[in-house]
Each structure stands twice: as structure tokens, then as C-alpha cells.
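Student: Handing over run.csv, CSV, C-alpha atoms.
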```csv
chain,number,residue,atom,x,y,z
A,22,MET,CA,91.9,88.3,109.4
A,23,SER,CA,88.9,88.7,107.2
A,24,GLU,CA,85.8,86.9,108.4
A,25,LEU,CA,85.5,85.5,104.9
A,26,VAL,CA,88.7,83.4,105.3
A,27,ARG,CA,88.3,80.6,107.9
A,28,PRO,CA,91.3,79.6,110.0
A,29,SER,CA,91.3,76.1,108.3
A,30,GLN,CA,91.4,77.8,104.9
A,31,ALA,CA,94.3,80.1,106.0
A,32,ASN,CA,96.2,77.1,107.3
A,33,LEU,CA,95.7,75.3,104.0
A,34,ALA,CA,97.1,78.3,102.1
A,35,ASP,CA,100.1,78.3,104.5
A,36,ARG,CA,100.8,74.6,103.8
A,37,VAL,CA,100.8,75.1,100.0
A,38,PRO,CA,104.3,76.1,98.9
A,39,PRO,CA,104.4,79.7,97.6
A,40,HIS,CA,106.1,78.5,94.4
A,41,ALA,CA,102.9,76.6,93.7
A,42,PHE,CA,100.8,79.7,93.9
A,43,PHE,CA,103.3,81.4,91.6
A,44,MET,CA,103.0,78.7,89.0
A,45,VAL,CA,99.2,79.0,88.9
A,46,SER,CA,99.6,82.7,88.6
A,47,ALA,CA,102.1,82.3,85.8
A,48,LEU,CA,99.8,80.0,83.8
A,49,PHE,CA,96.8,82.3,84.1
A,50,HIS,CA,98.8,85.4,83.6
A,51,TYR,CA,98.8,84.7,79.9
A,52,LEU,CA,96.1,82.1,79.5
A,53,GLY,CA,93.5,84.9,80.1
A,54,PRO,CA,95.0,87.4,77.7
A,55,SER,CA,95.3,84.7,75.0
A,56,PHE,CA,91.5,84.3,75.3
A,57,ALA,CA,91.2,88.1,75.1
A,58,VAL,CA,93.0,88.1,71.8
A,59,LEU,CA,90.2,85.9,70.5
A,60,LEU,CA,87.7,88.6,71.6
A,61,PHE,CA,89.5,91.5,69.8
A,62,SER,CA,87.6,90.8,66.6
A,63,HIS,CA,84.3,91.4,68.4
A,64,VAL,CA,85.1,94.0,71.0
A,65,GLY,CA,87.6,96.9,70.8
A,66,VAL,CA,91.0,96.2,72.5
A,67,LEU,CA,90.4,98.8,75.3
A,68,GLY,CA,86.9,97.5,75.7
A,69,VAL,CA,88.2,94.0,76.4
A,70,ALA,CA,90.6,95.5,78.9
A,71,TRP,CA,87.8,97.3,80.6
A,72,LEU,CA,85.6,94.2,80.7
A,73,ARG,CA,88.5,92.3,82.3
A,74,ILE,CA,88.9,95.0,85.0
A,75,ALA,CA,85.1,95.4,85.5
A,76,SER,CA,84.4,91.7,85.9
A,77,ALA,CA,87.3,91.2,88.3
A,78,ALA,CA,86.2,94.3,90.4
A,79,ALA,CA,82.6,92.9,90.6
A,80,ILE,CA,83.9,89.5,91.7
A,81,PHE,CA,86.1,91.0,94.4
A,82,ALA,CA,83.3,93.3,95.5
A,83,ILE,CA,80.9,90.3,96.0
A,84,TRP,CA,83.6,87.9,97.5
A,85,ARG,CA,85.7,90.2,99.7
A,86,ARG,CA,83.6,93.4,100.2
A,87,PRO,CA,87.0,95.3,100.1
A,88,TRP,CA,85.7,98.7,101.0
A,89,ARG,CA,85.8,97.6,104.6
A,90,VAL,CA,89.6,97.4,104.6
A,91,VAL,CA,89.8,100.9,103.1
A,92,ILE,CA,87.8,102.2,106.1
A,93,ASP,CA,90.0,100.3,108.6
A,94,CYS,CA,93.4,100.9,107.2
A,95,ASP,CA,95.7,104.0,107.6
A,96,GLN,CA,96.4,106.7,105.1
A,97,GLY,CA,99.6,105.1,103.9
A,98,ALA,CA,97.7,101.9,103.0
A,99,ARG,CA,95.0,103.8,101.2
A,100,MET,CA,97.6,105.6,99.1
A,101,LEU,CA,99.1,102.2,98.2
A,102,ILE,CA,95.6,100.9,97.2
A,103,VAL,CA,95.0,103.9,95.0
A,104,ALA,CA,98.4,103.6,93.4
A,105,LEU,CA,98.0,99.9,92.7
A,106,GLY,CA,94.5,100.5,91.2
A,107,ILE,CA,95.8,103.2,88.8
A,108,THR,CA,98.7,101.0,87.9
A,109,LEU,CA,96.4,98.0,87.1
A,110,ALA,CA,94.2,100.2,84.9
A,111,LEU,CA,97.1,101.6,82.9
A,112,MET,CA,99.1,98.3,82.8
A,113,ASN,CA,96.2,96.2,81.6
A,114,SER,CA,95.3,98.8,78.9
A,115,ALA,CA,98.9,99.0,77.6
A,116,PHE,CA,99.3,95.2,77.7
A,117,TYR,CA,96.2,94.6,75.6
A,118,LEU,CA,97.1,97.3,73.1
A,119,ALA,CA,100.6,95.7,72.8
A,120,ILE,CA,99.4,92.1,72.3
A,121,ASP,CA,97.0,93.3,69.7
A,122,ARG,CA,100.1,94.3,67.7
A,123,LEU,CA,102.8,91.9,68.7
A,124,PRO,CA,103.1,88.1,69.5
A,125,LEU,CA,102.2,87.3,73.1
A,126,ALA,CA,105.7,85.8,73.8
A,127,THR,CA,107.4,89.0,72.5
A,128,VAL,CA,105.3,91.2,74.8
A,129,ALA,CA,106.0,88.9,77.7
A,130,ALA,CA,109.8,89.0,77.0
A,131,ILE,CA,109.8,92.8,77.0
A,132,GLU,CA,107.6,92.8,80.1
A,133,PHE,CA,110.2,90.6,81.8
A,134,VAL,CA,113.0,93.3,81.5
A,135,ALA,CA,111.5,95.5,84.2
A,136,THR,CA,111.5,92.6,86.6
A,137,ILE,CA,115.2,92.2,86.2
A,138,ALA,CA,115.8,95.6,87.8
A,139,VAL,CA,113.6,94.5,90.8
A,140,ALA,CA,115.5,91.2,91.0
A,141,LEU,CA,118.9,92.8,90.9
A,142,VAL,CA,118.1,94.9,94.0
A,143,GLY,CA,117.9,91.7,96.1
A,144,VAL,CA,120.9,89.7,94.6
A,145,ARG,CA,123.2,89.0,97.6
A,146,SER,CA,125.1,85.9,96.5
A,147,LEU,CA,127.1,84.6,93.5
A,148,ARG,CA,124.7,81.7,93.2
A,149,ASN,CA,121.8,84.1,92.7
A,150,VAL,CA,123.9,86.1,90.2
A,151,ALA,CA,124.5,82.9,88.3
A,152,ALA,CA,120.8,82.1,88.4
A,153,LEU,CA,119.9,85.5,87.1
A,154,VAL,CA,122.4,85.2,84.3
A,155,VAL,CA,121.1,81.8,83.2
A,156,ALA,CA,117.5,83.0,83.3
A,157,VAL,CA,118.3,86.2,81.3
A,158,SER,CA,120.1,84.1,78.8
A,159,GLY,CA,117.0,82.0,78.4
A,160,VAL,CA,114.9,85.0,77.9
A,161,PHE,CA,117.2,86.2,75.1
A,162,PHE,CA,116.7,83.0,73.3
A,163,LEU,CA,112.9,83.6,73.6
A,164,ILE,CA,113.1,87.2,72.5
A,165,GLY,CA,115.5,86.6,69.6
A,166,PHE,CA,117.7,89.5,68.5
A,167,GLN,CA,115.4,91.0,65.8
A,168,TRP,CA,113.8,94.3,66.7
A,169,SER,CA,110.1,94.4,65.8
A,170,GLY,CA,109.1,96.6,62.9
A,171,ASP,CA,106.0,97.8,64.9
A,172,ARG,CA,107.5,100.7,66.9
A,173,LEU,CA,104.2,101.6,68.5
A,174,GLY,CA,103.7,98.0,69.6
A,175,VAL,CA,107.2,98.0,71.1
A,176,LEU,CA,106.6,101.3,72.9
A,177,LEU,CA,103.3,99.9,74.3
A,178,ALA,CA,105.1,96.8,75.5
A,179,ILE,CA,107.8,98.9,77.1
A,180,ALA,CA,105.2,101.0,78.9
A,181,ASN,CA,103.5,97.8,80.1
A,182,ALA,CA,106.8,96.5,81.3
A,183,ALA,CA,107.5,99.6,83.4
A,184,LEU,CA,104.0,99.4,84.9
A,185,PHE,CA,104.5,95.7,85.6
A,186,GLY,CA,107.6,96.5,87.6
A,187,VAL,CA,105.6,99.1,89.6
A,188,TYR,CA,102.9,96.4,90.1
A,189,VAL,CA,105.5,94.0,91.6
A,190,VAL,CA,106.8,96.6,94.0
A,191,ILE,CA,103.4,97.9,95.2
A,192,GLY,CA,101.8,94.5,95.2
A,193,HIS,CA,104.6,93.1,97.4
A,194,ALA,CA,104.2,96.1,99.8
A,195,ILE,CA,100.5,95.4,100.1
A,196,SER,CA,101.1,91.6,100.6
A,197,ARG,CA,103.1,92.4,103.7
A,198,ALA,CA,99.9,92.9,105.6
A,199,GLY,CA,99.2,89.1,105.3
A,200,GLY,CA,97.4,86.9,102.8
A,201,ALA,CA,93.7,87.7,103.6
A,202,SER,CA,94.3,91.4,104.2
A,203,GLY,CA,96.5,91.6,101.1
A,204,ILE,CA,93.7,90.1,99.0
A,205,ASP,CA,91.2,92.5,100.5
A,206,ARG,CA,93.4,95.4,99.6
A,207,LEU,CA,93.9,94.0,96.1
A,208,GLY,CA,90.1,93.9,95.7
A,209,ALA,CA,89.9,97.6,96.8
A,210,ALA,CA,92.6,98.4,94.2
A,211,MET,CA,90.6,96.7,91.5
A,212,LEU,CA,87.6,98.9,92.3
A,213,VAL,CA,90.0,101.9,91.9
A,214,ALA,CA,91.1,100.4,88.6
A,215,LEU,CA,87.5,100.1,87.4
A,216,ILE,CA,87.0,103.8,87.9
A,217,ALA,CA,90.4,104.8,86.4
A,218,ALA,CA,89.9,102.6,83.3
A,219,MET,CA,86.3,103.7,82.6
A,220,PRO,CA,87.3,106.8,80.5
A,221,ILE,CA,89.7,104.6,78.5
A,222,GLY,CA,87.6,101.6,77.6
A,223,ILE,CA,83.9,102.2,78.3
A,224,ALA,CA,83.1,103.6,74.8
A,225,GLU,CA,84.4,100.4,73.2
A,226,VAL,CA,82.3,98.2,75.5
A,227,VAL,CA,78.9,99.8,74.6
A,228,PRO,CA,78.6,98.0,71.1
A,229,ALA,CA,79.2,94.7,72.8
A,230,LEU,CA,76.1,95.2,75.0
A,231,SER,CA,74.0,94.3,71.9
A,232,ARG,CA,75.6,90.9,71.9
A,233,PRO,CA,75.0,89.4,75.3
A,234,GLU,CA,77.0,86.2,74.5
A,235,LEU,CA,80.2,88.3,74.6
A,236,ILE,CA,79.7,89.4,78.2
A,237,PRO,CA,80.3,85.9,79.7
A,238,ALA,CA,83.4,85.7,77.6
A,239,GLY,CA,84.6,89.0,79.0
A,240,ILE,CA,83.9,87.8,82.6
A,241,GLY,CA,85.9,84.7,81.8
A,242,VAL,CA,88.8,86.8,80.8
A,243,GLY,CA,88.5,88.8,84.0
A,244,VAL,CA,88.5,85.7,86.2
A,245,SER,CA,91.4,84.0,84.4
A,246,SER,CA,93.4,87.3,84.0
A,247,SER,CA,92.8,89.4,87.1
A,248,VAL,CA,91.2,87.3,89.8
A,249,ILE,CA,93.1,84.0,89.9
A,250,PRO,CA,96.6,85.3,89.0
A,251,TYR,CA,96.5,88.4,91.2
A,252,VAL,CA,95.2,86.4,94.2
A,253,CYS,CA,97.9,83.8,93.7
A,254,ASP,CA,100.4,86.7,93.4
A,255,GLN,CA,99.4,88.0,96.8
A,256,LEU,CA,99.6,84.6,98.4
A,257,ALA,CA,103.1,84.0,96.9
A,258,MET,CA,104.4,87.6,97.6
A,259,ALA,CA,103.4,87.3,101.3
A,260,ARG,CA,105.9,84.4,101.7
A,261,LEU,CA,108.6,85.2,99.2
A,262,PRO,CA,111.2,87.9,99.3
A,263,ARG,CA,110.6,90.5,96.6
A,264,ALA,CA,113.8,89.7,94.7
A,265,THR,CA,112.9,86.0,94.7
A,266,PHE,CA,109.5,86.7,93.3
A,267,ALA,CA,110.9,89.0,90.7
A,268,LEU,CA,113.5,86.3,89.6
A,269,MET,CA,110.7,83.8,89.3
A,270,LEU,CA,108.9,86.2,86.9
A,271,THR,CA,111.5,85.2,84.3
A,272,LEU,CA,109.2,82.1,83.9
A,273,LEU,CA,106.6,84.3,82.4
A,274,PRO,CA,108.1,84.6,78.9
A,275,ALA,CA,108.4,80.8,78.9
A,276,THR,CA,104.8,80.4,80.1
A,277,ALA,CA,103.6,82.9,77.4
A,278,ALA,CA,105.4,80.8,74.7
A,279,VAL,CA,103.7,77.6,75.9
A,280,VAL,CA,100.2,79.3,76.2
A,281,GLY,CA,100.7,81.0,72.8
A,282,MET,CA,101.5,77.7,71.2
A,283,VAL,CA,98.5,75.9,72.8
A,284,VAL,CA,95.8,78.6,72.5
A,285,LEU,CA,97.0,80.8,69.6
A,286,ALA,CA,99.0,78.2,67.5
A,287,GLN,CA,102.1,80.3,67.9
A,288,VAL,CA,104.6,77.4,67.7
A,289,PRO,CA,107.9,78.0,69.5
A,290,THR,CA,111.2,77.5,67.6
A,291,PRO,CA,114.0,75.2,68.8
A,292,ALA,CA,115.8,78.3,70.1
A,293,GLU,CA,112.7,79.3,72.1
A,294,ILE,CA,112.4,75.8,73.5
A,295,ALA,CA,116.1,76.1,74.6
A,296,GLY,CA,115.2,79.5,76.2
A,297,ILE,CA,112.3,78.0,78.2
A,298,LEU,CA,114.7,75.3,79.6
A,299,LEU,CA,117.3,77.9,80.5
A,300,VAL,CA,114.8,80.0,82.3
A,301,ALA,CA,113.5,77.0,84.3
A,302,ARG,CA,117.1,76.1,85.2
A,303,GLY,CA,117.9,79.6,86.4
A,304,VAL,CA,114.8,79.7,88.6
A,305,GLY,CA,115.8,76.3,90.0
A,306,VAL,CA,119.3,77.4,90.8
A,307,HIS,CA,118.2,80.5,92.7
A,308,LYS,CA,118.2,80.4,96.5
A,309,PRO,CA,115.8,82.7,98.3
A,310,THR,CA,117.3,85.1,100.7
A,311,GLN,CA,115.3,87.0,103.4
```
Would you mind writing the file out in C-alpha cells?
Tutor:
Amino acid sequence: MSELVRPSQANLADRVPPHAFFMVSALFHYLGPSFAVLLFSHVGVLGVAWLRIASAAAIFAIWRRPWRVVIDCDQGARMLIVALGITLALMNSAFYLAIDRLPLATVAAIEFVATIAVALVGVRSLRNVAALVVAVSGVFFLIGFQWSGDRLGVLLAIANAALFGVYVVIGHAISRAGGASGIDRLGAAMLVALIAAMPIGIAEVVPALSRPELIPAGIGVGVSSSVIPYVCDQLAMARLPRATFALMLTLLPATAAVVGMVVLAQVPTPAEIAGILLVARGVGVHKPTQ
């Protein structure tokens, strides 16, 4: 176990239900990007994405010194770290480009589709099939049945969704090494993401350097978007079967709708409220299986 995590801290993390870590992750998963939308008028979209990744990478470097785990782990683990880092760079860039063109809840709903495939792999009971059906029905209420007129926005959201599914699979594989080690490997992956995203977003960050007040805002986006939720994901993934974690991700469109309402004044319709309740019910009915 990393020397940066004391046994008492590890025991505290073990006592906290994994679902609690997931709920914190779900909240910050879209709270951070909703703040990022507010930065788009000052910094280019890909520049905001790079600021998010760079600030998170710096925090992980100071907090975890993740290069040590890269030295100690085997070749297979290193390949997972690199794969996760590249996935994070591409996923965050596609996500920010998508939310610049589409409502946050719409992008979240499309993102959810990829997790259904992951959840279906682990469905082993009629109860869990029913839970999945209820949750999916709720997401349909959230999405609506109108295809967006912004084709590029939809394509970007679909690309983000596919990458999000890859993130769940690789992130869960990394979490199997344990909470502290999983977080260290996540930190190493974020350093890889920083390098991978640099050609994509660095040019749009340069103009922001003349306005120092924007840098703390970018750091705030990184903390709320990539540090808090990803760490909570690792702590939840380490104790939840992959299919259960994927099913719980159906809460994300509901969370996005609530965050979009509070932060971006995107008020949900009665149908969307019904969708949120159905998703919550589906997650409640689901019974984890090992």
C-alpha cells in the first residue's frame, strides 16, 4: 500500500459504502463540466479540456508521485496505464466539444448508452434484467425521442460515449489492484493524458495565460472533474462488480439533468423528472452479483 495512505485512512475508506463513493463521483462528473461551459466564452473548448487534464495531472503528481508505481508494476499494468491515459485525453476532449454544442443532459444520455453494453455482460438474474429495463426506460424519458439537428454534436457525443465505455472497462481493471494502488495508477494515467492531450489543446490555452484569473478557474474544473470523481470511481470500482458499477452509471443522465438545472438553468420537463425517478428506481432494484 502506498506510504501516502495510512492504515486508518484505508480502513475509513473500507467502512464507507462503495455506493457513497459513486454518488460523489456522479455529482462531480457533471458539476465540473458545467463550470467548464462557463469558461468556454473565455478559453477555447479544447483549451479548457487541456486545463482540466493538466491541473489534475499536477495534483496527482504532487499528491501521489505516481511514477513510482510505473517503475514497480509489470508490463501489463504499464500498458493499462498508457491505454487509460490516452482514453482520458480523447474522452475529455470529445466530451467538451460535445457539451459546447448540445445540452449537458443530452450528452450524458448518449454517454449512458455505452454503459448499457457493459452492464448487459454481467446480467445474471431476472431481477437485474428488470432493473436494467426500468433504468433504461428512465433514460429514454430523459433523452426524449427527438434527434438533435446538430449532427457533429451528436457524433462527438457518440465518440465520447464509446470512450467512456472503454474508461469503465480499463478503470475497473486498474482498480483490481486495490484502492491506493488503483489511485496511483490513475495518477500515472493522468500524466499520460497530459502528454497525449497537449497537441490537441495547448494552442487554445496560450491566450488564457494573459488572464491569470482564468487559471484558478481551470484548476477548479480539473479538481471537480478529474480528481474527485476519478478517485471516487477507483474506490467504488475496487468493491463493486463491473456490471453493477455500469448499471449505476444510469444515474449519470439524472445527475446531469439536476446539475444542468442548478448551474446552467436548464430546467427539466415533467417527463425528465419522471425519467430521473425511474432511473433511481432501477438502480435501487438491482442486486449486485460477484
Student: To one decimal in Å, tell me the separation between CA of Ile74 (chain A) and CA of Val252 (chain A).
Tutor: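 These two atoms are separated by 14.1 Å.
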Student: What is the distance between CA of Arg99 (chain A) and CA of Phe116 (chain A), in Å to one decimal?
Tutor: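 For CA of Arg99 (chain A) relative to CA of Phe116 (chain A), the distance reads 25.4 Å.
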Student: Between CA of Ala78 (chain A) and CA of Gly106 (chain A), what is the spacing in Å?
Tutor: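 Going from CA of Gly106 (chain A) over to CA of Ala78 (chain A), I get 10.4 Å.
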Student: Which is closest to Ala214 (chain A) among A:Phe56, A:Phe42, A:Phe61, A:Trp71, if we use only C-alpha atoms?
Tutor: A:Trp71
Student: Within 12 Å of Thr276 (chain A), counting all atoms listed in the file, which residues qualify if same-chain residues fewer than 3 places away don't, as a PyMOL selection string?
Tutor: chain A and resi 43-52+55+125-127+129-130+133+160+163+269-273+279-284+289+293-294+296-298+300-301
Student: So which one's closest to Ile195 (chain A), A:Gly97, A:Pro237, A:Pro39, A:Pro54? Using only C-alpha atoms, please.
Tutor: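 Of all the options, A:Gly97 lies closest to Ile195 (chain A).
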Student: Determine, counting only C-alpha atoms, which protein, DNA and RNA residues have an atom within 12 Å of an atom of Glu234 (chain A); residues of the same chain fewer than 5 positions away are not included. Present the result as a ChimeraX atom specification.
Tutor: /A:60,63-64,229,239-241
Student: Would you kindly identify which residues have an atom no farther than 9 Å from (82.7, 99.2, 70.3), using all atoms listed in the file and the file's own coordinates, and write them out as a list in words?
Tutor: His63, Val64, Gly65, Gly68, Ile223, Ala224, Glu225, Val226, Val227, Pro228 and Ala229 of chain A
Student: Go ahead and save the residues from that selection, with C-alpha atoms, as an mmCIF file, keeping the file's coordinate frame.
Tutor:
```cif
data_model
loop_
_atom_site.group_PDB
_atom_site.id
_atom_site.type_symbol
_atom_site.label_atom_id
_atom_site.label_comp_id
_atom_site.auth_asym_id
_atom_site.auth_seq_id
_atom_site.Cartn_x
_atom_site.Cartn_y
_atom_site.Cartn_z
ATOM 1 C CA HIS A 63 84.300 91.400 68.400
ATOM 2 C CA VAL A 64 85.100 94.000 71.000
ATOM 3 C CA GLY A 65 87.600 96.900 70.800
ATOM 4 C CA GLY A 68 86.900 97.500 75.700
ATOM 5 C CA ILE A 223 83.900 102.200 78.300
ATOM 6 C CA ALA A 224 83.100 103.600 74.800
ATOM 7 C CA GLU A 225 84.400 100.400 73.200
ATOM 8 C CA VAL A 226 82.300 98.200 75.500
ATOM 9 C CA VAL A 227 78.900 99.800 74.600
ATOM 10 C CA PRO A 228 78.600 98.000 71.100
ATOM 11 C CA ALA A 229 79.200 94.700 72.800
#
```
Student: Quick one: residues within 8 Å of Ile131 (chain A), only C-alpha atoms counted, chain neighbours fewer than 4 positions away excluded, as a count of residues only?
Tutor: 6
Student: Find the axis-aligned box for region 185-194 of chain A, covering all its listed atoms and adding 5 Å on each side, and write its centre and edge lengths in Å to one decimal as lines of an AutoDock Vina configuration file.
Tutor:
```
center_x = 104.7
center_y = 96.1
center_z = 92.7
size_x = 15.8
size_y = 16.0
size_z = 24.2
```
Student: Nearest to Gly243 (chain A): which of A:Arg302, A:Arg263, A:Arg73, A:Arg148 is it, counting all atoms listed in the file?
Tutor: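 Nearest to Gly243 (chain A): A:Arg73.
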Student: Write out as a VMD selection string each polymer residue whose atoms come within 7 Å of region 109-112 of chain A, counting only C-alpha atoms; drop sequence neighbours fewer than 5 positions from it.
Tutor: chain A and resid 181 184 to 185 214 217 to 218
Student: For region 90-96 of chain A, work out the shell of residues within 10 Å, counting all atoms listed in the file and skipping chain neighbours fewer than 4 positions away, then give it as a PDB file with C-alpha atoms, keeping the file's coordinate frame.
Tutor:
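The resulting file, part_17.pdb, is shown below:
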```
ATOM      1  CA  SER A  23      88.900  88.700 107.200  1.00  0.00           C
ATOM      2  CA  ARG A  85      85.700  90.200  99.700  1.00  0.00           C
ATOM      3  CA  ARG A  86      83.600  93.400 100.200  1.00  0.00           C
ATOM      4  CA  MET A 100      97.600 105.600  99.100  1.00  0.00           C
ATOM      5  CA  LEU A 101      99.100 102.200  98.200  1.00  0.00           C
ATOM      6  CA  ILE A 102      95.600 100.900  97.200  1.00  0.00           C
ATOM      7  CA  SER A 202      94.300  91.400 104.200  1.00  0.00           C
ATOM      8  CA  GLY A 203      96.500  91.600 101.100  1.00  0.00           C
ATOM      9  CA  ASP A 205      91.200  92.500 100.500  1.00  0.00           C
ATOM     10  CA  ARG A 206      93.400  95.400  99.600  1.00  0.00           C
ATOM     11  CA  GLY A 208      90.100  93.900  95.700  1.00  0.00           C
ATOM     12  CA  ALA A 209      89.900  97.600  96.800  1.00  0.00           C
ATOM     13  CA  ALA A 210      92.600  98.400  94.200  1.00  0.00           C
TER      14      ALA A 210
END
```
Student: Using all atoms listed in the file, find the one residue out of A:Leu212, A:Ile191, A:Ile249, A:Ala180 that sits nearest to Ala98 (chain A).
Tutor: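 That would be A:Ile191, the residue with the smallest distance to Ala98 (chain A).
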Student: In terms of the shortest atom-to-atom distance over all atoms listed in the file, which of A:Ala292, A:Val150, A:Ala194, A:Val213 is closest to Met258 (chain A)?
Tutor: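 Distance minimum relative to Met258 (chain A) lands on A:Ala194.
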